[in-house]
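Participant: I have a structure here, written as structure tokens, and I will follow up with some questions on it.
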Amino acid sequence: DAKTTQPNSMESNEEEPVHLPCNHSTISGTDYIHWYRQLPSQGPEYVIHGLTSNVNNRMASLAIAEDRKSSTLILHRATLRDAAVYYCITHAGGTSYGKLTFGQGTILTVHP
Amino acid sequence: SAVISQKPSRDICQRGTSLTIQCQVDSQVTMMFWYRQQPGQSLTLIATANQGSEATYESGFVIDKFPISRPNLTFSTLTVSNMSPEDSSIYLCSVVSSSGPGETQYFGPGTRLLVL
């Protein structure tokens with residue numbers, strides 16, 4: 001799994017979009033980019049994942065750079081419930097699935 | 001999705017004792033894992049719980065300290081043996097389920113362990 005670099009913390013106001021960046025310059029061609037988040041006092045929660053193309057789901061959007069060396073998780077309208085630690089993880093999948101390497105993540109604070 | 005429950009949710013234990021943590025999943029899953037989250041830190045994988053065979057441990061973790069059982073496709077236990085204060089952590093069970101969007105990974109709520 002490639003090393004990922006994320007800002008230690010970010011702040012946002014409620015109802016505003018949030019763009020959480022992640023650098024993964026050593027990602028291999030077959031590694032997926034996953035995002036998980038951990039709400040206070042809970043286990044991590046899957047947010048989104050992608051390989052090359054941008055992805056959207058009900059929780060967020062994932063924008064992947066053309067060279068795949070970076071990606072951005074987009075929360076379109078932040079709510080107080082989105083305050084969490086967000087982890088960007090690259091992962092090969094297949095037989096190594098489940099063996100995630102968590103970095104320190106980005107602590108997102110959402111202000112009312 | 002897979003719903004995971006863990007017992008106990010938290011415990012305070014004396015050093016030198018052992019604690020067994022249970023993980024129950026609401027559906028059969030192929031892969032189950034145990035992670036540790038030390039205070040203020042991120043998650044670290046302890047081992048893969050294999051059904052019908054010995055668990056596979058990551059570097060730095062050994063079977064004598066963290067014995068794991070997986071008797072079926074919905075249940076696993078992790079024992080923290082001969083505990084010391086350094087074992088104070090959150091222990092999380094995780095599964096990979098094909099019932100979600102692609103191969104999504106799910107985590108339990110964690111067991112918060114304090115060793116005195």
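Residues are named by chain letter and number: chains run A, B, ... in the order of the structure tokens, numbers start at 1 in each chain, and ligands are numbered from 1 in the order shown.
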Mind listing as a PDB file with C-alpha atoms, in the first residue's frame which residues of chain A are within 10 Å of chain B, counting only C-alpha atoms?
Facilitator:
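Result went into selection-v5.pdb, see below:
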```
ATOM      1  CA  HIS A  34     -10.408   4.333  -0.234  1.00  0.00           C
ATOM      2  CA  TYR A  36     -13.075   5.947   5.620  1.00  0.00           C
ATOM      3  CA  GLN A  38     -14.267   7.624  12.182  1.00  0.00           C
ATOM      4  CA  SER A  41     -16.321   6.867  19.904  1.00  0.00           C
ATOM      5  CA  GLN A  42     -17.153   4.703  16.879  1.00  0.00           C
ATOM      6  CA  GLY A  43     -15.360   2.341  14.551  1.00  0.00           C
ATOM      7  CA  PRO A  44     -14.330   3.540  11.084  1.00  0.00           C
ATOM      8  CA  GLU A  45     -17.064   3.838   8.495  1.00  0.00           C
ATOM      9  CA  TYR A  46     -16.679   3.329   4.742  1.00  0.00           C
ATOM     10  CA  VAL A  47     -17.195   6.516   2.750  1.00  0.00           C
ATOM     11  CA  ILE A  48     -16.177   5.909  -0.849  1.00  0.00           C
ATOM     12  CA  HIS A  49     -13.557   4.300  -3.043  1.00  0.00           C
ATOM     13  CA  VAL A  85     -11.371  11.823  11.370  1.00  0.00           C
ATOM     14  CA  TYR A  87      -8.684   8.500   6.464  1.00  0.00           C
ATOM     15  CA  GLY A  93      -7.509  -5.305  -2.954  1.00  0.00           C
ATOM     16  CA  GLY A  94      -7.735  -8.945  -3.872  1.00  0.00           C
ATOM     17  CA  THR A  95      -6.194 -11.325  -1.342  1.00  0.00           C
ATOM     18  CA  TYR A  97      -8.377  -6.950   1.156  1.00  0.00           C
ATOM     19  CA  GLY A  98      -9.205  -6.096   4.741  1.00  0.00           C
ATOM     20  CA  LYS A  99      -5.606  -5.369   5.619  1.00  0.00           C
ATOM     21  CA  LEU A 100      -5.883  -1.610   5.629  1.00  0.00           C
ATOM     22  CA  THR A 101      -2.980   0.636   6.597  1.00  0.00           C
ATOM     23  CA  PHE A 102      -4.377   3.656   8.385  1.00  0.00           C
ATOM     24  CA  GLY A 103      -2.433   6.907   8.567  1.00  0.00           C
ATOM     25  CA  GLN A 104      -3.189   9.677  11.023  1.00  0.00           C
ATOM     26  CA  GLY A 105      -6.017  11.071   8.901  1.00  0.00           C
TER      27      GLY A 105
END
```
Participant: Taking 3 positions as the minimum chain separation for residues in the same chain, which residues sit within 6 Å of Asn13 in chain A when counting only C-alpha atoms? Answer as a PyMOL selection string.
Facilitator: chain A and resi 16+110-111
Participant: Could you please take those selected residues and save all heavy atoms as a PDB file, in the first residue's frame?
Facilitator:
```
ATOM      1  N   GLU A  16     -21.599  24.265   4.133  1.00  0.00           N
ATOM      2  CA  GLU A  16     -20.625  24.599   3.101  1.00  0.00           C
ATOM      3  C   GLU A  16     -19.935  23.341   2.577  1.00  0.00           C
ATOM      4  O   GLU A  16     -19.855  22.336   3.282  1.00  0.00           O
ATOM      5  CB  GLU A  16     -19.569  25.568   3.654  1.00  0.00           C
ATOM      6  CG  GLU A  16     -20.111  26.945   3.955  1.00  0.00           C
ATOM      7  CD  GLU A  16     -19.026  27.896   4.429  1.00  0.00           C
ATOM      8  OE1 GLU A  16     -17.881  27.447   4.629  1.00  0.00           O
ATOM      9  OE2 GLU A  16     -19.327  29.080   4.604  1.00  0.00           O
ATOM     10  N   VAL A 110     -16.526  20.850  12.097  1.00  0.00           N
ATOM     11  CA  VAL A 110     -17.599  21.568  11.425  1.00  0.00           C
ATOM     12  C   VAL A 110     -18.232  22.534  12.419  1.00  0.00           C
ATOM     13  O   VAL A 110     -18.711  22.119  13.482  1.00  0.00           O
ATOM     14  CB  VAL A 110     -18.658  20.603  10.871  1.00  0.00           C
ATOM     15  CG1 VAL A 110     -19.764  21.387  10.160  1.00  0.00           C
ATOM     16  CG2 VAL A 110     -18.019  19.604   9.921  1.00  0.00           C
ATOM     17  N   HIS A 111     -18.224  23.794  12.041  1.00  0.00           N
ATOM     18  CA  HIS A 111     -18.773  24.837  12.909  1.00  0.00           C
ATOM     19  C   HIS A 111     -20.222  25.147  12.536  1.00  0.00           C
ATOM     20  O   HIS A 111     -20.556  25.225  11.354  1.00  0.00           O
ATOM     21  CB  HIS A 111     -17.939  26.105  12.790  1.00  0.00           C
ATOM     22  CG  HIS A 111     -16.519  25.946  13.203  1.00  0.00           C
ATOM     23  ND1 HIS A 111     -16.155  25.761  14.525  1.00  0.00           N
ATOM     24  CD2 HIS A 111     -15.370  25.920  12.481  1.00  0.00           C
ATOM     25  CE1 HIS A 111     -14.835  25.647  14.590  1.00  0.00           C
ATOM     26  NE2 HIS A 111     -14.335  25.732  13.367  1.00  0.00           N
TER      27      HIS A 111
END
```
Participant: Would you please work out which residue, of B:Val29, B:Ile12, B:Leu114, B:Thr17, is nearest to Asp87 in chain B when using only C-alpha atoms?
Facilitator: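 Selected residue with least distance to Asp87 in chain B: B:Leu114.
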Participant: Neighbours of Val115 in chain B within 6 Å (only C-alpha atoms; same-chain residues fewer than 4 positions away dropped), as a list in words?
Facilitator: Ile12, Cys13, Gln14, Arg15, Pro85 and Ser88 of chain B
Participant: Check the DSSP output for the backbone and give back, as a ChimeraX atom specification, the residues of chain B in strand (DSSP E).
Facilitator: /B:4-7,10-13,19-25,31-37,43-49,56-57,68-72,75-80,89-97,104-107,111-115
Participant: Restrict the selected residues to C-alpha atoms and save them as a compact mmCIF listing (two decimals), in the first residue's frame.
Facilitator:
```txt
# COMPACT_ATOMS: atom_id res chain seq x y z
CA ILE B 4 -21.07 -6.03 13.77
CA SER B 5 -21.46 -6.21 17.51
CA GLN B 6 -18.71 -6.57 20.08
CA LYS B 7 -18.75 -7.65 23.69
CA ARG B 10 -15.58 -1.58 27.55
CA ASP B 11 -13.72 -3.06 30.50
CA ILE B 12 -11.23 -2.19 33.18
CA CYS B 13 -8.82 -4.99 33.99
CA LEU B 19 -9.76 -10.60 28.56
CA THR B 20 -11.65 -12.24 25.73
CA ILE B 21 -13.46 -9.98 23.29
CA GLN B 22 -16.28 -11.34 21.17
CA CYS B 23 -17.25 -10.24 17.67
CA GLN B 24 -20.58 -11.23 16.14
CA VAL B 25 -21.61 -10.43 12.55
CA MET B 31 -12.80 -12.41 5.99
CA MET B 32 -12.62 -11.15 9.57
CA PHE B 33 -9.91 -9.03 11.09
CA TRP B 34 -8.87 -7.59 14.42
CA TYR B 35 -7.43 -4.08 14.75
CA ARG B 36 -6.06 -2.11 17.66
CA GLN B 37 -6.27 1.64 18.20
CA LEU B 43 -5.69 1.82 13.71
CA THR B 44 -3.20 -1.03 13.40
CA LEU B 45 -4.04 -4.48 12.07
CA ILE B 46 -3.39 -7.25 14.59
CA ALA B 47 -4.38 -10.34 12.64
CA THR B 48 -6.68 -12.03 10.17
CA ALA B 49 -9.08 -14.48 11.78
CA THR B 56 -2.48 -14.93 10.54
CA TYR B 57 -0.65 -12.33 12.59
CA ILE B 68 -7.81 -15.67 18.18
CA SER B 69 -10.60 -18.10 17.48
CA ARG B 70 -13.02 -18.24 14.58
CA PRO B 71 -15.34 -21.21 14.92
CA ASN B 72 -17.71 -20.18 12.11
CA PHE B 75 -18.18 -15.16 15.03
CA SER B 76 -14.66 -14.57 16.31
CA THR B 77 -12.90 -13.92 19.60
CA LEU B 78 -9.71 -12.08 20.45
CA THR B 79 -8.04 -12.67 23.80
CA VAL B 80 -5.62 -10.14 25.23
CA SER B 89 -6.51 0.41 23.64
CA ILE B 90 -9.64 0.13 21.60
CA TYR B 91 -9.89 -3.28 19.93
CA LEU B 92 -11.99 -3.42 16.77
CA CYS B 93 -13.35 -6.28 14.76
CA SER B 94 -13.67 -5.78 11.02
CA VAL B 95 -15.14 -7.78 8.17
CA VAL B 96 -15.17 -7.66 4.40
CA SER B 97 -18.61 -8.22 2.96
CA THR B 104 -16.76 -2.86 1.41
CA GLN B 105 -15.09 -3.19 4.78
CA TYR B 106 -17.08 -2.78 7.96
CA PHE B 107 -15.92 -2.15 11.50
CA THR B 111 -14.02 -2.62 22.83
CA ARG B 112 -12.41 -0.02 25.05
CA LEU B 113 -9.91 -1.67 27.35
CA LEU B 114 -8.17 0.00 30.27
CA VAL B 115 -5.50 -1.97 32.10
```
Participant: Record the distance separating CA of Gln28 in chain B and CA of Ser53 in chain B, expressed in Å with one decimal.
Facilitator: 16.7 Å
